[in-house]
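**Q** Contents of protein.cif (mmCIF, C-alpha atoms) are below:
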```cif
data_structure
loop_
_atom_site.label_atom_id
_atom_site.label_comp_id
_atom_site.auth_asym_id
_atom_site.auth_seq_id
_atom_site.Cartn_x
_atom_site.Cartn_y
_atom_site.Cartn_z
CA MET A 1129 0.64 11.98 -48.38
CA ARG A 1130 1.76 15.43 -47.24
CA VAL A 1131 -0.80 17.99 -46.13
CA GLY A 1132 -0.10 21.68 -45.70
CA THR A 1133 -1.86 25.01 -45.54
CA PHE A 1134 -2.31 27.58 -48.30
CA VAL A 1135 -1.98 31.09 -46.85
CA LEU A 1136 -3.15 34.18 -48.72
CA GLY A 1137 -3.28 36.80 -46.00
CA ALA A 1138 -6.85 37.37 -47.13
CA GLN A 1139 -8.38 40.70 -46.14
CA PHE A 1140 -12.05 40.15 -45.38
CA PRO A 1141 -14.53 43.06 -45.46
CA GLY A 1142 -14.13 45.28 -42.42
CA GLN A 1143 -10.62 44.03 -41.64
CA GLY A 1144 -7.32 45.88 -41.85
CA GLN A 1145 -4.30 44.68 -43.76
CA GLY A 1146 -2.28 44.22 -40.57
CA GLU A 1147 -5.02 41.99 -39.17
CA ALA A 1148 -4.94 39.85 -42.31
CA LEU A 1149 -1.16 39.47 -42.19
CA HIS A 1150 -1.14 38.70 -38.47
CA ARG A 1151 -3.64 35.89 -39.09
CA ALA A 1152 -1.44 34.60 -41.93
CA VAL A 1153 1.66 34.46 -39.74
CA ARG A 1154 -0.14 32.97 -36.78
CA SER A 1155 -1.81 30.27 -38.88
CA ALA A 1156 1.60 29.23 -40.17
CA GLU A 1157 3.02 28.97 -36.65
CA VAL A 1158 0.04 26.86 -35.59
CA ALA A 1159 0.52 24.65 -38.66
CA GLU A 1160 3.94 23.63 -37.37
CA GLU A 1161 2.57 23.05 -33.88
CA ALA A 1162 -0.22 20.89 -35.31
CA GLY A 1163 2.16 18.65 -37.26
CA LEU A 1164 1.37 19.76 -40.80
CA ASP A 1165 3.98 19.32 -43.50
CA THR A 1166 4.13 22.60 -45.39
CA VAL A 1167 2.94 26.19 -45.42
CA TRP A 1168 2.37 27.53 -48.95
CA LEU A 1169 2.30 31.32 -49.33
CA ALA A 1170 0.47 33.24 -52.02
CA GLU A 1171 1.57 36.55 -53.54
CA HIS A 1172 -0.65 39.38 -54.78
CA HIS A 1173 -0.24 43.07 -55.54
CA PHE A 1174 -2.62 45.97 -54.93
CA VAL A 1175 -5.70 43.86 -54.02
CA PRO A 1176 -7.30 42.73 -50.73
CA TYR A 1177 -7.71 39.20 -52.12
CA GLY A 1178 -4.26 38.62 -50.65
CA THR A 1179 -2.20 41.17 -48.73
CA CYS A 1180 1.22 39.49 -49.10
CA PRO A 1181 3.11 41.21 -51.96
CA SER A 1182 6.27 39.09 -51.58
CA ALA A 1183 5.91 35.40 -50.83
CA VAL A 1184 9.69 34.91 -50.50
CA THR A 1185 9.89 37.68 -47.89
CA LEU A 1186 7.11 36.17 -45.80
CA ALA A 1187 8.72 32.75 -46.29
CA ALA A 1188 11.95 34.10 -44.81
CA LEU A 1189 10.10 35.31 -41.73
CA LEU A 1190 8.33 31.99 -41.24
CA LEU A 1191 11.44 29.91 -41.81
CA GLY A 1192 13.06 31.94 -39.04
CA ARG A 1193 10.15 31.39 -36.68
CA THR A 1194 9.81 27.65 -37.28
CA ARG A 1195 12.13 24.67 -36.96
CA ARG A 1196 10.56 21.74 -38.77
CA ILE A 1197 7.86 22.69 -41.26
CA ARG A 1198 8.62 23.28 -44.95
CA VAL A 1199 7.70 26.72 -46.33
CA GLY A 1200 6.92 27.31 -49.99
CA THR A 1201 5.66 30.02 -52.31
CA ALA A 1202 2.40 29.42 -54.16
CA VAL A 1203 3.35 31.27 -56.08
CA SER A 1204 6.05 33.84 -56.71
CA VAL A 1205 4.86 35.68 -59.83
CA LEU A 1206 7.70 35.32 -62.31
CA PRO A 1207 6.70 37.92 -64.95
CA THR A 1208 6.99 40.72 -62.37
CA ALA A 1209 10.38 39.60 -61.03
CA HIS A 1210 13.86 39.17 -62.45
CA PRO A 1211 14.53 35.42 -62.40
CA VAL A 1212 18.10 35.89 -61.14
CA ALA A 1213 16.96 38.10 -58.25
CA LEU A 1214 14.31 35.53 -57.35
CA GLY A 1215 16.83 32.72 -57.74
CA GLU A 1216 19.26 34.42 -55.37
CA GLN A 1217 16.55 34.78 -52.74
CA ALA A 1218 15.46 31.17 -53.17
CA ALA A 1219 19.04 29.94 -52.87
CA LEU A 1220 19.55 32.03 -49.75
CA LEU A 1221 16.44 30.60 -48.10
CA HIS A 1222 17.38 27.06 -49.12
CA VAL A 1223 20.88 27.30 -47.68
CA THR A 1224 20.01 29.09 -44.45
CA SER A 1225 16.92 26.99 -43.64
CA GLY A 1226 18.59 23.61 -44.05
CA GLY A 1227 16.66 22.84 -47.21
CA ARG A 1228 13.16 23.62 -45.92
CA PHE A 1229 12.20 26.02 -48.73
CA SER A 1230 10.18 25.24 -51.88
CA LEU A 1231 9.89 27.75 -54.73
CA GLY A 1232 6.56 27.75 -56.52
CA VAL A 1233 6.33 30.03 -59.56
CA GLY A 1234 3.57 31.04 -61.94
CA ARG A 1235 2.58 33.44 -64.71
CA GLY A 1236 0.10 35.42 -62.65
CA GLY A 1237 -2.36 37.42 -64.75
CA PRO A 1238 -2.55 40.33 -67.18
CA TRP A 1239 -2.78 42.76 -64.29
CA VAL A 1240 -1.60 46.32 -63.78
CA ASP A 1241 1.32 44.81 -61.83
CA LEU A 1242 3.10 44.43 -65.18
CA GLU A 1243 2.88 48.17 -65.71
CA VAL A 1244 3.94 49.11 -62.19
CA PHE A 1245 7.01 46.85 -62.23
CA GLY A 1246 7.90 47.82 -65.78
CA THR A 1247 8.02 44.33 -67.24
CA GLY A 1248 5.12 44.81 -69.65
CA LEU A 1249 2.45 42.53 -71.04
CA GLU A 1250 4.97 40.58 -73.13
CA ALA A 1251 6.56 39.21 -69.96
CA TYR A 1252 3.20 37.62 -69.14
CA GLU A 1253 2.17 36.52 -72.63
CA GLN A 1254 5.48 35.35 -74.09
CA GLY A 1255 8.30 35.57 -71.57
CA PHE A 1256 7.46 32.94 -68.95
CA PRO A 1257 9.40 30.00 -70.50
CA GLU A 1258 12.61 32.06 -70.83
CA SER A 1259 12.30 33.34 -67.27
CA LEU A 1260 11.61 29.86 -65.91
CA ASP A 1261 14.60 28.32 -67.68
CA LEU A 1262 16.92 31.06 -66.45
CA LEU A 1263 15.62 30.64 -62.90
CA VAL A 1264 16.14 26.86 -62.92
CA ARG A 1265 19.64 27.22 -64.36
CA TRP A 1266 20.48 29.66 -61.56
CA LEU A 1267 19.39 27.13 -58.96
CA ARG A 1268 21.27 24.20 -60.52
CA GLU A 1269 24.51 25.53 -62.10
CA PRO A 1270 27.67 27.11 -60.57
CA ALA A 1271 27.79 30.01 -63.06
CA VAL A 1272 25.16 31.43 -65.41
CA GLY A 1273 25.03 33.75 -68.41
CA ALA A 1274 22.10 34.62 -70.65
CA SER A 1275 21.57 35.42 -74.33
CA GLY A 1276 17.79 35.25 -74.70
CA ASP A 1277 15.17 37.66 -75.98
CA ARG A 1278 14.56 39.28 -72.58
CA PHE A 1279 17.70 38.59 -70.60
CA ARG A 1280 21.26 39.10 -71.83
CA PHE A 1281 24.29 39.21 -69.56
CA ARG A 1282 27.81 37.81 -69.27
CA GLU A 1283 28.43 34.72 -67.21
CA VAL A 1284 28.51 35.39 -63.47
CA PRO A 1285 29.03 33.06 -60.49
CA VAL A 1286 26.01 31.90 -58.50
CA VAL A 1287 26.36 33.12 -54.90
CA PRO A 1288 25.24 31.52 -52.70
CA ARG A 1289 25.20 28.23 -54.55
CA PRO A 1290 22.20 26.12 -53.45
CA SER A 1291 24.38 23.02 -53.52
CA GLU A 1292 26.43 24.51 -50.68
CA SER A 1293 23.60 23.80 -48.27
CA LEU A 1294 24.41 21.16 -45.66
CA THR A 1295 21.65 18.92 -47.04
CA ASP A 1296 21.38 16.11 -49.57
CA GLY A 1297 19.42 18.22 -52.07
CA ALA A 1298 21.12 20.06 -54.92
CA GLY A 1299 18.86 23.06 -54.40
CA PRO A 1300 15.30 24.12 -53.64
CA GLU A 1301 12.60 22.32 -55.54
CA VAL A 1302 10.77 24.37 -58.17
CA VAL A 1303 7.02 23.87 -58.60
CA VAL A 1304 5.06 25.40 -61.48
CA ALA A 1305 1.45 26.59 -61.22
CA CYS A 1306 -0.39 25.04 -64.18
CA THR A 1307 -3.79 26.11 -65.48
CA SER A 1308 -3.64 25.11 -69.16
CA PRO A 1309 -2.28 22.32 -71.41
CA ALA A 1310 0.53 24.66 -72.47
CA SER A 1311 1.71 25.22 -68.91
CA VAL A 1312 1.42 21.50 -68.14
CA ARG A 1313 3.69 20.76 -71.10
CA LEU A 1314 6.12 23.47 -70.03
CA ALA A 1315 6.48 21.95 -66.56
CA ALA A 1316 6.61 18.37 -67.81
CA GLU A 1317 9.37 18.95 -70.34
CA ARG A 1318 11.51 20.36 -67.53
CA GLY A 1319 10.57 17.64 -65.07
CA LEU A 1320 9.04 20.15 -62.64
CA PRO A 1321 6.04 19.19 -60.49
CA MET A 1322 2.78 21.08 -60.85
CA LEU A 1323 0.66 23.15 -58.50
CA LEU A 1324 -2.97 22.72 -59.54
CA GLY A 1325 -5.61 25.27 -58.57
CA MET A 1326 -8.52 24.97 -56.19
CA HIS A 1327 -11.06 25.83 -58.90
CA VAL A 1328 -10.80 22.40 -60.60
CA GLY A 1329 -11.91 19.00 -59.35
CA ASP A 1330 -10.39 15.54 -59.26
CA GLU A 1331 -11.28 14.57 -62.82
CA GLU A 1332 -9.60 17.57 -64.40
CA LYS A 1333 -6.58 17.29 -62.10
CA ALA A 1334 -6.20 13.62 -63.01
CA GLU A 1335 -6.26 14.58 -66.69
CA MET A 1336 -3.55 17.20 -66.10
CA VAL A 1337 -1.36 14.70 -64.26
CA ALA A 1338 -1.79 12.20 -67.12
CA LEU A 1339 -0.91 14.91 -69.65
CA TRP A 1340 2.16 15.88 -67.61
CA ARG A 1341 3.36 12.28 -67.62
CA GLN A 1342 2.78 12.00 -71.36
CA HIS A 1343 4.81 15.12 -72.13
CA ALA A 1344 7.52 14.16 -69.63
CA ARG A 1345 7.97 10.76 -71.30
CA ALA A 1346 8.04 12.37 -74.75
CA ALA A 1347 10.74 14.77 -73.54
CA GLY A 1348 12.87 11.85 -72.35
CA ARG A 1349 12.62 12.59 -68.64
CA PRO A 1350 13.85 9.71 -66.43
CA THR A 1351 11.23 7.12 -65.51
CA ALA A 1352 11.93 7.48 -61.78
CA GLU A 1353 11.50 11.25 -62.00
CA ILE A 1354 8.13 10.86 -63.70
CA HIS A 1355 6.96 8.28 -61.20
CA ASP A 1356 8.12 10.26 -58.16
CA ALA A 1357 6.89 13.70 -59.25
CA ALA A 1358 5.17 15.21 -56.20
CA HIS A 1359 2.44 17.42 -57.63
CA VAL A 1360 0.51 19.74 -55.33
CA SER A 1361 -3.27 20.18 -55.22
CA ALA A 1362 -4.64 23.46 -53.86
CA GLY A 1363 -7.98 23.35 -52.08
CA VAL A 1364 -10.11 24.61 -49.21
CA CYS A 1365 -10.47 22.95 -45.83
CA GLN A 1366 -13.00 23.78 -43.14
CA ILE A 1367 -13.63 21.36 -40.29
CA ALA A 1368 -16.67 21.15 -38.03
CA ASP A 1369 -18.62 18.48 -36.18
CA ARG A 1370 -21.30 18.67 -38.89
CA ARG A 1371 -20.75 19.25 -42.59
CA THR A 1372 -23.52 21.84 -42.73
CA ASP A 1373 -21.77 23.90 -40.06
CA ALA A 1374 -18.47 23.82 -41.94
CA ALA A 1375 -20.10 24.88 -45.19
CA GLU A 1376 -22.13 27.58 -43.46
CA THR A 1377 -18.96 29.10 -42.02
CA LEU A 1378 -17.48 29.48 -45.50
CA LEU A 1379 -20.72 30.58 -47.16
CA LYS A 1380 -21.06 33.39 -44.62
CA ALA A 1381 -17.54 34.74 -44.97
CA MET A 1382 -15.97 33.86 -48.30
CA PRO A 1383 -18.36 35.47 -50.83
CA GLY A 1384 -17.77 38.95 -49.37
CA TRP A 1385 -14.01 38.44 -49.47
CA LEU A 1386 -14.11 37.06 -53.01
CA ARG A 1387 -16.33 39.89 -54.25
CA GLN A 1388 -14.09 42.56 -52.73
CA GLY A 1389 -10.79 40.85 -53.50
CA LEU A 1390 -11.27 39.54 -57.01
CA GLY A 1391 -13.19 42.63 -58.05
CA ALA A 1392 -10.15 44.79 -57.27
CA HIS A 1393 -8.00 43.27 -60.04
CA VAL A 1394 -7.26 45.76 -62.84
CA THR A 1395 -6.02 44.58 -66.24
CA VAL A 1396 -2.94 46.26 -67.68
CA ASP A 1397 -4.47 46.78 -71.13
CA GLY A 1398 -8.13 47.36 -70.30
CA ARG A 1399 -9.24 43.96 -71.57
CA ALA A 1400 -12.61 42.77 -70.35
CA ARG A 1401 -12.55 40.25 -67.55
CA GLN A 1402 -15.27 37.98 -66.22
CA MET A 1403 -15.45 37.39 -62.48
CA ARG A 1404 -16.99 34.26 -60.99
CA ASP A 1405 -20.14 34.68 -58.96
CA PRO A 1406 -18.73 34.71 -55.39
CA LEU A 1407 -21.53 32.69 -53.80
CA ALA A 1408 -21.61 30.08 -56.56
CA TYR A 1409 -17.82 29.80 -56.44
CA THR A 1410 -17.87 29.26 -52.67
CA GLU A 1411 -20.51 26.56 -53.09
CA LEU A 1412 -18.34 24.92 -55.75
CA LEU A 1413 -15.31 24.93 -53.44
CA CYS A 1414 -17.34 23.42 -50.60
CA GLY A 1415 -18.33 20.58 -52.94
CA LEU A 1416 -14.86 19.90 -54.31
CA HIS A 1417 -12.74 20.00 -51.19
CA PRO A 1418 -12.49 18.74 -47.58
CA VAL A 1419 -15.27 20.76 -45.96
CA GLY A 1420 -17.08 18.93 -43.17
CA THR A 1421 -16.34 16.50 -40.37
CA PRO A 1422 -12.81 15.21 -39.77
CA ARG A 1423 -13.78 11.82 -41.20
CA LEU A 1424 -15.26 13.40 -44.33
CA CYS A 1425 -12.19 15.60 -44.78
CA ALA A 1426 -9.83 12.63 -44.49
CA ASP A 1427 -11.91 10.61 -46.94
CA ARG A 1428 -12.01 13.51 -49.41
CA LEU A 1429 -8.23 13.96 -49.32
CA ALA A 1430 -7.62 10.23 -49.66
CA ALA A 1431 -10.04 10.01 -52.57
CA THR A 1432 -8.37 12.91 -54.38
CA GLY A 1433 -4.98 11.29 -53.91
CA GLU A 1434 -6.26 7.97 -55.25
CA ARG A 1435 -8.06 9.49 -58.25
CA THR A 1436 -5.33 11.88 -59.31
CA GLY A 1437 -2.03 10.44 -58.10
CA ILE A 1438 -1.35 13.73 -56.32
CA SER A 1439 0.49 13.32 -53.02
CA ARG A 1440 0.64 16.88 -51.64
CA PHE A 1441 -2.09 19.29 -50.62
CA ALA A 1442 -2.12 23.04 -49.99
CA LEU A 1443 -5.34 23.82 -48.14
CA LEU A 1444 -6.84 27.26 -47.58
CA VAL A 1445 -7.74 27.27 -43.89
CA GLU A 1446 -8.55 30.96 -43.36
CA GLY A 1447 -11.95 30.86 -45.08
CA SER A 1448 -13.78 31.91 -41.92
CA GLY A 1449 -11.90 35.20 -41.88
CA ASP A 1450 -11.51 34.90 -38.10
CA LEU A 1451 -8.18 34.39 -36.30
CA ALA A 1452 -9.43 32.12 -33.51
CA ALA A 1453 -11.52 30.04 -35.92
CA THR A 1454 -8.57 29.73 -38.29
CA GLU A 1455 -6.27 28.53 -35.50
CA GLU A 1456 -8.87 25.96 -34.42
CA ASN A 1457 -9.30 24.83 -38.02
CA VAL A 1458 -5.55 24.27 -38.43
CA ARG A 1459 -5.28 22.39 -35.14
CA ARG A 1460 -8.17 20.09 -36.03
CA LEU A 1461 -6.62 19.43 -39.42
CA GLY A 1462 -3.43 18.34 -37.71
CA THR A 1463 -4.88 16.39 -34.79
CA GLU A 1464 -8.11 14.93 -36.20
CA VAL A 1465 -7.59 14.56 -39.96
CA LEU A 1466 -3.91 13.76 -40.47
CA PRO A 1467 -3.89 10.72 -38.14
CA GLN A 1468 -6.61 9.15 -40.30
CA LEU A 1469 -4.46 9.57 -43.40
CA ARG A 1470 -1.23 8.24 -41.91
#
```
Could you quickly redo this structure as structure tokens?
**A**
Amino acid sequence: MRVGTFVLGAQFPGQGQGEALHRAVRSAEVAEEAGLDTVWLAEHHFVPYGTCPSAVTLAALLLGRTRRIRVGTAVSVLPTAHPVALGEQAALLHVTSGGRFSLGVGRGGPWVDLEVFGTGLEAYEQGFPESLDLLVRWLREPAVGASGDRFRFREVPVVPRPSESLTDGAGPEVVVACTSPASVRLAAERGLPMLLGMHVGDEEKAEMVALWRQHARAAGRPTAEIHDAAHVSAGVCQIADRRTDAAETLLKAMPGWLRQGLGAHVTVDGRARQMRDPLAYTELLCGLHPVGTPRLCADRLAATGERTGISRFALLVEGSGDLAATEENVRRLGTEVLPQLR
């Protein structure tokens, strides 16, 4: 079991963007010190829900500041990026970090981002499979050309080639954020592990893993690949000596952040959107994830792994909104929870 943090650079009410980003960077540095396995970085545009607009850029900074821990994106939003440009960056980070980089990608949402970056709504609604396939080809082949609906270009060499890294891996792993049966099938047919969101519980995640395996077998993926697929479960973690104290910390801070952050999303086409009730959503997260004493947190993670078959976790640790509290939370996760799992 591999446990890591999920970093958004969340801007809580009354905080500045620099403060949010400083907390994000510092929490990642502490994660390495505390012995965690991975730091997963989120990407958002134009909203205080997350102040990091480029997960690969922040990943580059953190890979340079650390020596052991793996750094991944969760996720780089593919419809607002050219897959070759993203592939080049991923290859660069893979080669220069000694293979410590993981590339998580997702569709994002129907947000105004699509207008600002000029890709349009079609890139979100129809173009994700083509972009994903082009990205994976770039990370696995020595030369790539394209003749699809969105991307057409002559064959060009891949520079730098991920396989030129002085590691055993052919290139950075690619993880796909999955929120629907269609996206599960898309990932499974390509043999790519899933990143599953924090808004769903063990039962639904277990169903998605079972569906992934079903589609992977139907697509003829190798048995070993199906068995060894290392899916990632996103969640929330808050540690305290009493469960009530841990939950209270999140219930005091997270609803204001969620209300401000999620409410700032603007759809590209004016479609109506329904936002979760921030308090009810925080209560849901406290019930689903490791929020409580170290023993409870370890038991919750172990139970999720047993019920779902998921072996990796990306845990939001900045739910207090406070730098010192976040650092303490990360350290306790590493020193008091991980030993119980290993």
**Q** Can you pull out the residues contacting region 1133-1149 of chain A? Cut-off 6 Å, using all atoms listed in the file, and skip same-chain residues under 3 positions away; I want them as a ChimeraX atom specification.
**A** /A:1152,1167-1170,1176-1179,1385,1442-1444
**Q** Produce the centre coordinates and the three edge lengths, each in Å to one decimal, of the box along x, y and z that contains all listed atoms of region 1295-1304 of chain A with 4 Å added on each side, as lines of an AutoDock Vina configuration file.
**A**
```
center_x = 13.4
center_y = 20.8
center_z = -54.3
size_x = 24.6
size_y = 17.3
size_z = 22.4
```
**Q** Taking all atoms listed in the file into account, which of A:Asp1450, A:Asp1373, A:Asp1261, A:Glu1161 comes nearest Glu1317 (chain A)?
**A**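 Under the stated criterion, the closest residue is A:Asp1261.
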**Q** Find the spatial neighbours of Ser1291 (chain A), counting only C-alpha atoms, within a cut-off of 12 Å - ignore same-chain residues fewer than 5 positions away - and output them as a list in words.
**A**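 With the cut-off at 12 Å, the set is Ala1219, Leu1220, His1222, Val1223, Thr1224, Gly1226, Gly1227, Trp1266, Leu1267, Arg1268, Glu1269, Pro1270, Val1286, Asp1296, Gly1297, Ala1298, Gly1299, Pro1300 and Glu1301 of chain A.
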**Q** Hey, which of A:Val1287, A:Leu1260, A:Ala1251, A:Val1240 ends up closest to Arg1399 (chain A)? Count all atoms listed in the file.
**A**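 Result for the nearest residue to Arg1399 (chain A): A:Val1240.
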**Q** Choose the residue, out of A:Trp1340, A:Phe1229, A:Tyr1252, A:Trp1239, that has the smallest atom-to-atom separation from Leu1323 (chain A); count all atoms listed in the file.
**A**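 Answer, going by the shortest atom-to-atom distance: A:Trp1340.
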**Q** On this structure, the PyMOL selection byres ((chain A and resi 1258) around 12) would catch which residues? List them as a VMD selection string, sorted by chain and number.
**A** chain A and resid 1206 to 1207 1210 to 1212 1235 1250 to 1257 1259 to 1265 1274 to 1280 1314
**Q** Leaving out Glu1434 (chain A) and any residue of its chain fewer than 4 positions from it, which residues lie within 12 Å of it when counting only C-alpha atoms, given as a PyMOL selection string?
**A** chain A and resi 1129+1330-1331+1333-1334+1427-1430+1438-1440
**Q** Show which residues sit within 12 Å of Arg1387 (chain A), as a list in words. Count all atoms listed in the file, and ignore same-chain residues fewer than 2 positions away.
**A** Gln1139, Phe1140, Pro1141, Val1175, Pro1176, Tyr1177, Ala1381, Met1382, Pro1383, Gly1384, Trp1385, Gly1389, Leu1390, Gly1391, Ala1392, His1393, Met1403, Arg1404, Asp1405, Pro1406, Leu1407, Ala1408, Tyr1409 and Thr1410 of chain A
**Q** Please determine, counting all atoms listed in the file, which residue among A:Glu1446, A:Glu1456, A:Glu1376, A:Glu1157 has the shortest atom-to-atom distance to Gly1363 (chain A).
**A**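 Ranking A:Glu1446, A:Glu1456, A:Glu1376, A:Glu1157 by distance to Gly1363 (chain A), first place goes to A:Glu1446.
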**Q** If we count all atoms listed in the file, what is near Ala1305 (chain A) at a cut-off of 10 Å, once residues fewer than 2 positions away on the same chain are taken out, given as JSON, numbers by chain?
**A** {"A": [1202, 1203, 1204, 1205, 1232, 1233, 1234, 1235, 1236, 1303, 1307, 1308, 1311, 1312, 1315, 1321, 1322, 1323, 1324, 1325, 1359, 1360, 1361]}
**Q** May I ask for the distance between CA of Glu1353 (chain A) and CA of Arg1318 (chain A), given in Å to one decimal place?
**A**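 Those two atoms sit 10.7 Å apart.
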**Q** Just checking: using all atoms listed in the file, which residue out of A:Ala1358, A:Cys1365, A:Val1158, A:Ala1310 ends up closest to Thr1377 (chain A)?
**A**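 Closest to Thr1377 (chain A) of all the choices is A:Cys1365.
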**Q** For the file shown, what are the residues hit by the PyMOL selection byres ((chain A and resi 1182) around 8), laid out as an MDAnalysis selection string?
**A** chainID A and resid 1171:1172 1180:1181 1183:1186 1204
**Q** Please report the interatomic distance between CA of Ala1375 (chain A) and CA of Leu1164 (chain A) in Å with one decimal.
**A**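 These two atoms are separated by 22.5 Å.
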**Q** Evaluating the PyMOL selection byres ((chain A and resi 1423) around 10) on the displayed file yields which residues, as a PyMOL selection string?
**A** chain A and resi 1367+1369+1418+1420-1422+1424-1428+1464-1465+1468-1469
**Q** For a quick check of understanding, using all atoms listed in the file, which of A:Glu1411, A:Asp1165, A:Gly1215, A:Phe1174 has the smallest distance to Arg1196 (chain A)?
**A**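 Counting all atoms listed in the file, the residue closest to Arg1196 (chain A) is A:Asp1165.
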**Q** If I take CA of Cys1414 (chain A) and CA of Gln1366 (chain A), how far is one from the other in Å, to one decimal?
**A**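 Spanning CA of Cys1414 (chain A) to CA of Gln1366 (chain A) is a straight-line distance of 8.6 Å.
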**Q** Since the input lacks atoms, please generate N, CA and C atoms for region 1189-1208 of chain A and provide them as an mmCIF file, in the coordinates of the input.
**A**
```cif
data_model
loop_
_atom_site.group_PDB
_atom_site.id
_atom_site.type_symbol
_atom_site.label_atom_id
_atom_site.label_comp_id
_atom_site.auth_asym_id
_atom_site.auth_seq_id
_atom_site.Cartn_x
_atom_site.Cartn_y
_atom_site.Cartn_z
ATOM 1 N N LEU A 1189 10.553 35.095 -43.108
ATOM 2 C CA LEU A 1189 10.100 35.310 -41.730
ATOM 3 C C LEU A 1189 9.674 33.996 -41.092
ATOM 4 N N LEU A 1190 8.872 33.224 -41.810
ATOM 5 C CA LEU A 1190 8.330 31.990 -41.240
ATOM 6 C C LEU A 1190 9.396 30.924 -41.066
ATOM 7 N N LEU A 1191 10.351 30.862 -41.977
ATOM 8 C CA LEU A 1191 11.440 29.910 -41.810
ATOM 9 C C LEU A 1191 12.252 30.241 -40.550
ATOM 10 N N GLY A 1192 12.358 31.533 -40.243
ATOM 11 C CA GLY A 1192 13.060 31.940 -39.040
ATOM 12 C C GLY A 1192 12.288 31.653 -37.767
ATOM 13 N N ARG A 1193 10.973 31.617 -37.866
ATOM 14 C CA ARG A 1193 10.150 31.390 -36.680
ATOM 15 C C ARG A 1193 9.828 29.921 -36.435
ATOM 16 N N THR A 1194 10.124 29.073 -37.410
ATOM 17 C CA THR A 1194 9.810 27.650 -37.280
ATOM 18 C C THR A 1194 11.095 26.832 -37.307
ATOM 19 N N ARG A 1195 10.965 25.545 -37.003
ATOM 20 C CA ARG A 1195 12.130 24.670 -36.960
ATOM 21 C C ARG A 1195 11.980 23.419 -37.812
ATOM 22 N N ARG A 1196 10.769 23.011 -38.090
ATOM 23 C CA ARG A 1196 10.560 21.740 -38.770
ATOM 24 C C ARG A 1196 9.824 21.871 -40.100
ATOM 25 N N ILE A 1197 8.777 22.665 -40.134
ATOM 26 C CA ILE A 1197 7.860 22.690 -41.260
ATOM 27 C C ILE A 1197 8.521 23.274 -42.502
ATOM 28 N N ARG A 1198 8.146 22.743 -43.664
ATOM 29 C CA ARG A 1198 8.620 23.280 -44.950
ATOM 30 C C ARG A 1198 7.772 24.513 -45.287
ATOM 31 N N VAL A 1199 8.399 25.498 -45.917
ATOM 32 C CA VAL A 1199 7.700 26.720 -46.330
ATOM 33 C C VAL A 1199 7.914 26.899 -47.829
ATOM 34 N N GLY A 1200 6.820 27.146 -48.550
ATOM 35 C CA GLY A 1200 6.920 27.310 -49.990
ATOM 36 C C GLY A 1200 6.111 28.487 -50.485
ATOM 37 N N THR A 1201 6.429 28.953 -51.685
ATOM 38 C CA THR A 1201 5.660 30.020 -52.310
ATOM 39 C C THR A 1201 4.663 29.413 -53.282
ATOM 40 N N ALA A 1202 3.452 29.947 -53.294
ATOM 41 C CA ALA A 1202 2.400 29.420 -54.160
ATOM 42 C C ALA A 1202 1.490 30.541 -54.648
ATOM 43 N N VAL A 1203 2.032 31.369 -55.477
ATOM 44 C CA VAL A 1203 3.350 31.270 -56.080
ATOM 45 C C VAL A 1203 4.023 32.642 -56.104
ATOM 46 N N SER A 1204 5.352 32.609 -56.352
ATOM 47 C CA SER A 1204 6.050 33.840 -56.710
ATOM 48 C C SER A 1204 5.746 34.114 -58.174
ATOM 49 N N VAL A 1205 5.304 35.337 -58.468
ATOM 50 C CA VAL A 1205 4.860 35.680 -59.830
ATOM 51 C C VAL A 1205 6.078 36.050 -60.662
ATOM 52 N N LEU A 1206 6.446 35.177 -61.581
ATOM 53 C CA LEU A 1206 7.700 35.320 -62.310
ATOM 54 C C LEU A 1206 7.722 36.490 -63.293
ATOM 55 N N PRO A 1207 6.639 36.802 -64.004
ATOM 56 C CA PRO A 1207 6.700 37.920 -64.950
ATOM 57 C C PRO A 1207 6.933 39.288 -64.318
ATOM 58 N N THR A 1208 6.734 39.428 -63.016
ATOM 59 C CA THR A 1208 6.990 40.720 -62.370
ATOM 60 C C THR A 1208 8.300 40.730 -61.607
#
```
